[in-house]
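Written below as structure tokens is the structure these notes are about.
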Amino acid sequence: MTPVHHLDNATYLTALHDDALRDLHRYPDNPSAPWIRVNFVASIDGAVSTDGTSGGLGTPADHRLFTILRELADVVLVGAGTVRAENYGGARTDPTQRARRRARGQSDTPPIAVVTAGAHVDPSSRLLVDTDVAPLILTCTEAPAARKRALADAGARVLEIGHGAVGTAAIVSTLGELGLHRVLCEGGPSLFGQLLADDAVDELCLTTSPMLVGGGSGRIASSPRAGATAMRRAHVLGDDDGTVLTRWVRERGA
């Protein structure tokens with residue numbers, strides 16, 4: 001057995017094999033409803049991006065966890081603004097990951113589900129042309145018909161689940177009806193803020209990148225309404241380069 005070393009009450013990430021990381025981030029067994037896990041990276045001073053994207057905050061430890069979290073998910077939920085800013089393509093899985101997913105009763109690759117009231121996604125973007133599985137576009141009946149038609153023609157599955165806005169209850173019920181219960185939300189801050197304000201967040205995986213950024217970058221969650229959600233610390237992992245990865249969980253009904 002690999003010994004587990006500790007650094008200021010944090011487990012060294014290098015002491016953990018990927019199997020151990022997967023076990024630490026398991027979703028509840030056989031969830032009967034969507035369980036929403038949010039994953040973000042931020043700087044020490046709380047910046048959610050550098051130069052408009054989160055890529056500059058990434059570290060090898062964060063990338064390692066990012067890959068594992070996607071493998072464990074049934075679906076990756078994201079806002080259209082993040083899709084555009086981060087130039088999203090589809091999720092990817094290798095043969096070994098696909099075998100593990102099949103053993104868990106999952107599809108080979110998780111689809112990307114994009115929340116966009118106006119169907120504001122470019123049909124020629126990487127989301128549509130660089131993917132192994134069709135993305136889900138969660139949009140409104142009022143969104144321009146031409147946009148929705150163009151996305152459907154490009155291969156997306158367009159779902160009208162709102163009237164004027166895509167509400168949290170509609171997102172959760174739609175994913176539940178599709179059997180996509182292990183949800184990984186990758187942002188952005190507005191979508192996270194909406195889910196948080198509507199008390200729909202079950203857990204947060206937060207990576208603190210070992211850098212200070214300053215500037216005017218916002219927080220990981222942003223919404224007009226504020227509220228307090230008590231969370232329980234599940235674990236703290238540290239990497240040699242100073243990266244800190246935490247997992248916070250709210251029990252259902254808490």
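We label chains A, B, ... in the order they appear in the structure tokens, count residues from 1 in each chain, and number ligands from 1 in the order shown.
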**OP:** Would you mind listing what lies within 8 Å of segment 75-84 of chain A as a count of residues only, with only C-alpha atoms counted and same-chain residues fewer than 5 positions away left out?
**Re:** 22
Please identify every residue of segment 8-51 of chain A that has at least one atom no farther than 12 Å from an atom of segment 100-105 of chain A, counting only C-alpha atoms, and for each give the shortest atom pair and the distance in Å to one decimal, arranged by chain then increasing number, as CSV.
```
residue,atom,partner,partner_atom,distance
A:Asp19,CA,A:Arg100,CA,10.9
A:Arg22,CA,A:Arg100,CA,10.8
A:Arg26,CA,A:Arg104,CA,11.1
A:Tyr27,CA,A:Arg104,CA,11.1
A:Asp29,CA,A:Arg104,CA,9.9
A:Asn30,CA,A:Arg104,CA,9.5
```
Deliver the residues from the most recent selection as a file, using all heavy atoms, as a PDB file, in the first residue's frame.
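Wrote selection-v6.pdb, looks like this:
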```pdb
ATOM      1  N   ASP A  19      -6.961   5.586  -9.160  1.00  0.00           N
ATOM      2  CA  ASP A  19      -8.073   4.812  -8.597  1.00  0.00           C
ATOM      3  C   ASP A  19      -8.514   5.398  -7.259  1.00  0.00           C
ATOM      4  O   ASP A  19      -9.709   5.459  -6.961  1.00  0.00           O
ATOM      5  CB  ASP A  19      -7.677   3.347  -8.413  1.00  0.00           C
ATOM      6  CG  ASP A  19      -7.644   2.574  -9.722  1.00  0.00           C
ATOM      7  OD1 ASP A  19      -8.226   3.070 -10.712  1.00  0.00           O
ATOM      8  OD2 ASP A  19      -7.038   1.490  -9.752  1.00  0.00           O
ATOM      9  N   ARG A  22     -10.435   8.578  -7.966  1.00  0.00           N
ATOM     10  CA  ARG A  22     -11.795   8.267  -8.411  1.00  0.00           C
ATOM     11  C   ARG A  22     -12.678   7.881  -7.227  1.00  0.00           C
ATOM     12  O   ARG A  22     -13.834   8.282  -7.149  1.00  0.00           O
ATOM     13  CB  ARG A  22     -11.775   7.153  -9.460  1.00  0.00           C
ATOM     14  CG  ARG A  22     -11.466   7.636 -10.874  1.00  0.00           C
ATOM     15  CD  ARG A  22     -11.609   6.524 -11.899  1.00  0.00           C
ATOM     16  NE  ARG A  22     -10.468   5.617 -11.852  1.00  0.00           N
ATOM     17  CZ  ARG A  22      -9.360   5.784 -12.572  1.00  0.00           C
ATOM     18  NH1 ARG A  22      -9.251   6.806 -13.392  1.00  0.00           N
ATOM     19  NH2 ARG A  22      -8.361   4.921 -12.478  1.00  0.00           N
ATOM     20  N   ARG A  26     -16.277   9.742  -5.843  1.00  0.00           N
ATOM     21  CA  ARG A  26     -17.442   8.964  -6.276  1.00  0.00           C
ATOM     22  C   ARG A  26     -18.728   9.740  -6.037  1.00  0.00           C
ATOM     23  O   ARG A  26     -18.900  10.413  -5.020  1.00  0.00           O
ATOM     24  CB  ARG A  26     -17.530   7.649  -5.487  1.00  0.00           C
ATOM     25  CG  ARG A  26     -16.533   6.588  -5.885  1.00  0.00           C
ATOM     26  CD  ARG A  26     -16.626   5.390  -4.965  1.00  0.00           C
ATOM     27  NE  ARG A  26     -17.986   4.855  -4.900  1.00  0.00           N
ATOM     28  CZ  ARG A  26     -18.355   3.919  -4.027  1.00  0.00           C
ATOM     29  NH1 ARG A  26     -17.506   3.470  -3.115  1.00  0.00           N
ATOM     30  NH2 ARG A  26     -19.598   3.461  -4.044  1.00  0.00           N
ATOM     31  N   TYR A  27     -19.639   9.626  -6.990  1.00  0.00           N
ATOM     32  CA  TYR A  27     -20.991  10.134  -6.776  1.00  0.00           C
ATOM     33  C   TYR A  27     -21.726   9.170  -5.845  1.00  0.00           C
ATOM     34  O   TYR A  27     -21.273   8.030  -5.654  1.00  0.00           O
ATOM     35  CB  TYR A  27     -21.737  10.216  -8.108  1.00  0.00           C
ATOM     36  CG  TYR A  27     -21.341  11.386  -8.987  1.00  0.00           C
ATOM     37  CD1 TYR A  27     -20.257  11.288  -9.849  1.00  0.00           C
ATOM     38  CD2 TYR A  27     -22.054  12.582  -8.954  1.00  0.00           C
ATOM     39  CE1 TYR A  27     -19.891  12.351 -10.670  1.00  0.00           C
ATOM     40  CE2 TYR A  27     -21.703  13.652  -9.773  1.00  0.00           C
ATOM     41  CZ  TYR A  27     -20.612  13.530 -10.620  1.00  0.00           C
ATOM     42  OH  TYR A  27     -20.253  14.583 -11.412  1.00  0.00           O
ATOM     43  N   ASP A  29     -24.050   6.259  -4.748  1.00  0.00           N
ATOM     44  CA  ASP A  29     -24.379   5.040  -5.485  1.00  0.00           C
ATOM     45  C   ASP A  29     -25.808   5.104  -6.014  1.00  0.00           C
ATOM     46  O   ASP A  29     -26.747   5.419  -5.272  1.00  0.00           O
ATOM     47  CB  ASP A  29     -24.221   3.813  -4.585  1.00  0.00           C
ATOM     48  CG  ASP A  29     -22.779   3.557  -4.194  1.00  0.00           C
ATOM     49  OD1 ASP A  29     -21.885   3.963  -4.977  1.00  0.00           O
ATOM     50  OD2 ASP A  29     -22.543   2.974  -3.120  1.00  0.00           O
ATOM     51  N   ASN A  30     -25.946   4.820  -7.309  1.00  0.00           N
ATOM     52  CA  ASN A  30     -27.264   4.737  -7.958  1.00  0.00           C
ATOM     53  C   ASN A  30     -28.172   5.915  -7.613  1.00  0.00           C
ATOM     54  O   ASN A  30     -29.270   5.745  -7.088  1.00  0.00           O
ATOM     55  CB  ASN A  30     -27.960   3.423  -7.569  1.00  0.00           C
ATOM     56  CG  ASN A  30     -27.142   2.208  -7.929  1.00  0.00           C
ATOM     57  OD1 ASN A  30     -26.622   2.106  -9.032  1.00  0.00           O
ATOM     58  ND2 ASN A  30     -27.006   1.278  -6.974  1.00  0.00           N
TER      59      ASN A  30
END
```
Original post:
Taking into account only C-alpha atoms, which residue in the set A:Arg157, A:Arg232, A:Arg92, A:His163 is nearest to Thr109 of chain A?
Top reply: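 Closest candidate: A:Arg92.
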Original post:
If you measure from atom CA of Leu245 of chain A to atom CA of Val41 of chain A, what distance in Å do you get, rounded to one decimal?
Top reply: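 Answer for the atom CA of Leu245 of chain A to atom CA of Val41 of chain A separation: 8.9 Å.
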**OP:** Considering only C-alpha atoms, return as a ChimeraX atom specification whatever protein or nucleic-acid residues lie within 10 Å of Pro123 of chain A, sequence-local ones (same chain, fewer than 5 positions apart) excluded.
**Re:** /A:128-129,147-156
Output C-alpha atoms for every residue in that selection, as a CSV table (one decimal), in the first residue's frame.
```csv
chain,number,residue,atom,x,y,z
A,128,LEU,CA,-20.3,20.8,-32.6
A,129,VAL,CA,-17.4,19.9,-34.9
A,147,ARG,CA,-30.5,29.5,-34.4
A,148,LYS,CA,-32.2,26.4,-33.0
A,149,ARG,CA,-32.6,25.0,-36.5
A,150,ALA,CA,-29.0,25.7,-37.4
A,151,LEU,CA,-27.8,23.9,-34.2
A,152,ALA,CA,-30.0,20.9,-34.8
A,153,ASP,CA,-28.8,20.7,-38.4
A,154,ALA,CA,-25.2,20.8,-37.1
A,155,GLY,CA,-26.0,17.7,-35.0
A,156,ALA,CA,-26.9,19.2,-31.6
```
Subject >> Nearest-residue call for Ala170 of chain A, choices A:Gly118, A:Pro28, A:Pro60, A:Cys140, using only C-alpha atoms >> reply: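 Ranked by minimum distance to Ala170 of chain A, first place goes to A:Cys140.
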Contacts between segment 201-219 of chain A and segment 16-83 of chain A, please, where a residue of segment 16-83 of chain A counts if it comes within 8 Å (with only C-alpha atoms); show its shortest atom pair and distance in Å to one decimal, rows by chain and ascending number, as a Markdown table.
```
| residue | atom | partner | partner_atom | distance |
| --- | --- | --- | --- | --- |
| A:Trp35 | CA | A:Asp202 | CA | 6.1 |
| A:Ile36 | CA | A:Asp202 | CA | 5.3 |
| A:Arg37 | CA | A:Glu203 | CA | 4.8 |
| A:Val38 | CA | A:Leu204 | CA | 4.7 |
| A:Asn39 | CA | A:Cys205 | CA | 4.7 |
| A:Phe40 | CA | A:Leu206 | CA | 5.1 |
| A:Val41 | CA | A:Thr207 | CA | 4.5 |
| A:Ala42 | CA | A:Thr208 | CA | 5.2 |
| A:Ser43 | CA | A:Ser209 | CA | 4.8 |
| A:Ile44 | CA | A:Leu212 | CA | 5.7 |
| A:Asp45 | CA | A:Leu212 | CA | 5.7 |
| A:Gly46 | CA | A:Arg219 | CA | 6.3 |
| A:Ala47 | CA | A:Ser217 | CA | 5.2 |
| A:Val48 | CA | A:Arg219 | CA | 5.8 |
| A:Ser49 | CA | A:Ser217 | CA | 6.2 |
| A:Thr50 | CA | A:Val213 | CA | 7.2 |
| A:Gly52 | CA | A:Ser217 | CA | 7.8 |
| A:Leu57 | CA | A:Ser209 | CA | 5.9 |
| A:Gly58 | CA | A:Ser209 | CA | 6.9 |
| A:Thr59 | CA | A:Ser209 | CA | 7.0 |
| A:Asp62 | CA | A:Thr207 | CA | 6.6 |
```
With C-alpha atoms retained, write the just-selected residues as a PDB file, in the first residue's frame.
```pdb
ATOM      1  CA  TRP A  35     -26.638  15.159  -8.125  1.00  0.00           C
ATOM      2  CA  ILE A  36     -24.948  18.409  -9.107  1.00  0.00           C
ATOM      3  CA  ARG A  37     -21.205  18.656  -8.596  1.00  0.00           C
ATOM      4  CA  VAL A  38     -19.589  21.999  -9.463  1.00  0.00           C
ATOM      5  CA  ASN A  39     -15.902  22.193 -10.374  1.00  0.00           C
ATOM      6  CA  PHE A  40     -13.901  25.431 -10.417  1.00  0.00           C
ATOM      7  CA  VAL A  41     -10.345  26.673 -10.229  1.00  0.00           C
ATOM      8  CA  ALA A  42      -9.476  30.023  -8.665  1.00  0.00           C
ATOM      9  CA  SER A  43      -6.336  31.912  -7.688  1.00  0.00           C
ATOM     10  CA  ILE A  44      -5.287  32.436  -4.073  1.00  0.00           C
ATOM     11  CA  ASP A  45      -6.872  35.893  -4.179  1.00  0.00           C
ATOM     12  CA  GLY A  46     -10.122  34.523  -5.607  1.00  0.00           C
ATOM     13  CA  ALA A  47      -9.781  35.313  -9.313  1.00  0.00           C
ATOM     14  CA  VAL A  48     -11.716  32.916 -11.511  1.00  0.00           C
ATOM     15  CA  SER A  49      -9.765  33.688 -14.679  1.00  0.00           C
ATOM     16  CA  THR A  50      -6.741  35.361 -16.210  1.00  0.00           C
ATOM     17  CA  GLY A  52     -10.843  36.087 -19.593  1.00  0.00           C
ATOM     18  CA  LEU A  57      -4.910  29.143 -13.593  1.00  0.00           C
ATOM     19  CA  GLY A  58      -4.570  25.474 -14.457  1.00  0.00           C
ATOM     20  CA  THR A  59      -1.889  23.250 -12.956  1.00  0.00           C
ATOM     21  CA  ASP A  62      -5.979  20.485 -11.546  1.00  0.00           C
TER      22      ASP A  62
END
```
Subject >> Residues flagged helix (DSSP H, G or I) by DSSP in segment 44-238 of chain A, as a PyMOL selection string >> reply: chain A and resi 55-57+60-72+80-86+95-103+126-129+145-153+168-177+189-197
**OP:** Identify which of the residues A:Leu159, A:Asp132, A:Ala119, A:Thr67 lies closest to Pro144 of chain A, counting only C-alpha atoms when measuring atom-to-atom distances.
**Re:**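 Counting only C-alpha atoms, the residue closest to Pro144 of chain A is A:Ala119.
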**OP:** Go ahead and compute the interatomic distance for atom CA of Pro34 of chain A and atom CA of Gly179 of chain A, in Å to one decimal.
**Re:**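 For atom CA of Pro34 of chain A relative to atom CA of Gly179 of chain A, the distance reads 8.3 Å.
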Subject >> Using only C-alpha atoms: which of A:Gly167, A:Pro31, A:Pro135, A:Gly176 has the shortest distance to Leu195 of chain A >> reply: A:Gly167
Assign secondary structure with DSSP using the backbone only, and return the residues of segment 26-198 of chain A in strand (DSSP E or B) as a PDB file with C-alpha atoms, in the first residue's frame.
```pdb
ATOM      1  CA  TRP A  35     -26.638  15.159  -8.125  1.00  0.00           C
ATOM      2  CA  ILE A  36     -24.948  18.409  -9.107  1.00  0.00           C
ATOM      3  CA  ARG A  37     -21.205  18.656  -8.596  1.00  0.00           C
ATOM      4  CA  VAL A  38     -19.589  21.999  -9.463  1.00  0.00           C
ATOM      5  CA  ASN A  39     -15.902  22.193 -10.374  1.00  0.00           C
ATOM      6  CA  PHE A  40     -13.901  25.431 -10.417  1.00  0.00           C
ATOM      7  CA  VAL A  41     -10.345  26.673 -10.229  1.00  0.00           C
ATOM      8  CA  ALA A  42      -9.476  30.023  -8.665  1.00  0.00           C
ATOM      9  CA  SER A  43      -6.336  31.912  -7.688  1.00  0.00           C
ATOM     10  CA  THR A  50      -6.741  35.361 -16.210  1.00  0.00           C
ATOM     11  CA  THR A  53     -10.259  32.331 -19.347  1.00  0.00           C
ATOM     12  CA  VAL A  75     -23.134  14.859 -18.322  1.00  0.00           C
ATOM     13  CA  VAL A  76     -21.065  18.060 -18.277  1.00  0.00           C
ATOM     14  CA  LEU A  77     -23.258  21.109 -17.646  1.00  0.00           C
ATOM     15  CA  VAL A  78     -21.987  24.520 -18.713  1.00  0.00           C
ATOM     16  CA  GLY A  79     -23.220  27.974 -19.623  1.00  0.00           C
ATOM     17  CA  ILE A 112     -21.849  18.584 -22.961  1.00  0.00           C
ATOM     18  CA  ALA A 113     -25.151  20.213 -21.956  1.00  0.00           C
ATOM     19  CA  VAL A 114     -25.173  23.949 -22.677  1.00  0.00           C
ATOM     20  CA  VAL A 115     -27.551  26.329 -20.903  1.00  0.00           C
ATOM     21  CA  LEU A 136     -27.435  19.075 -25.586  1.00  0.00           C
ATOM     22  CA  ILE A 137     -28.661  22.639 -26.036  1.00  0.00           C
ATOM     23  CA  LEU A 138     -30.958  23.596 -23.145  1.00  0.00           C
ATOM     24  CA  THR A 139     -32.814  26.626 -24.402  1.00  0.00           C
ATOM     25  CA  CYS A 140     -36.161  28.459 -24.548  1.00  0.00           C
ATOM     26  CA  ARG A 157     -29.909  17.909 -29.608  1.00  0.00           C
ATOM     27  CA  VAL A 158     -31.941  21.054 -29.001  1.00  0.00           C
ATOM     28  CA  LEU A 159     -34.313  20.936 -26.028  1.00  0.00           C
ATOM     29  CA  GLU A 160     -36.768  23.754 -25.329  1.00  0.00           C
ATOM     30  CA  ILE A 161     -37.152  23.648 -21.561  1.00  0.00           C
ATOM     31  CA  GLY A 162     -37.980  27.239 -20.650  1.00  0.00           C
ATOM     32  CA  ARG A 182     -24.209  12.395 -12.224  1.00  0.00           C
ATOM     33  CA  VAL A 183     -23.912  16.053 -13.209  1.00  0.00           C
ATOM     34  CA  LEU A 184     -20.617  17.934 -13.461  1.00  0.00           C
ATOM     35  CA  CYS A 185     -21.125  21.694 -13.760  1.00  0.00           C
TER      36      CYS A 185
END
```
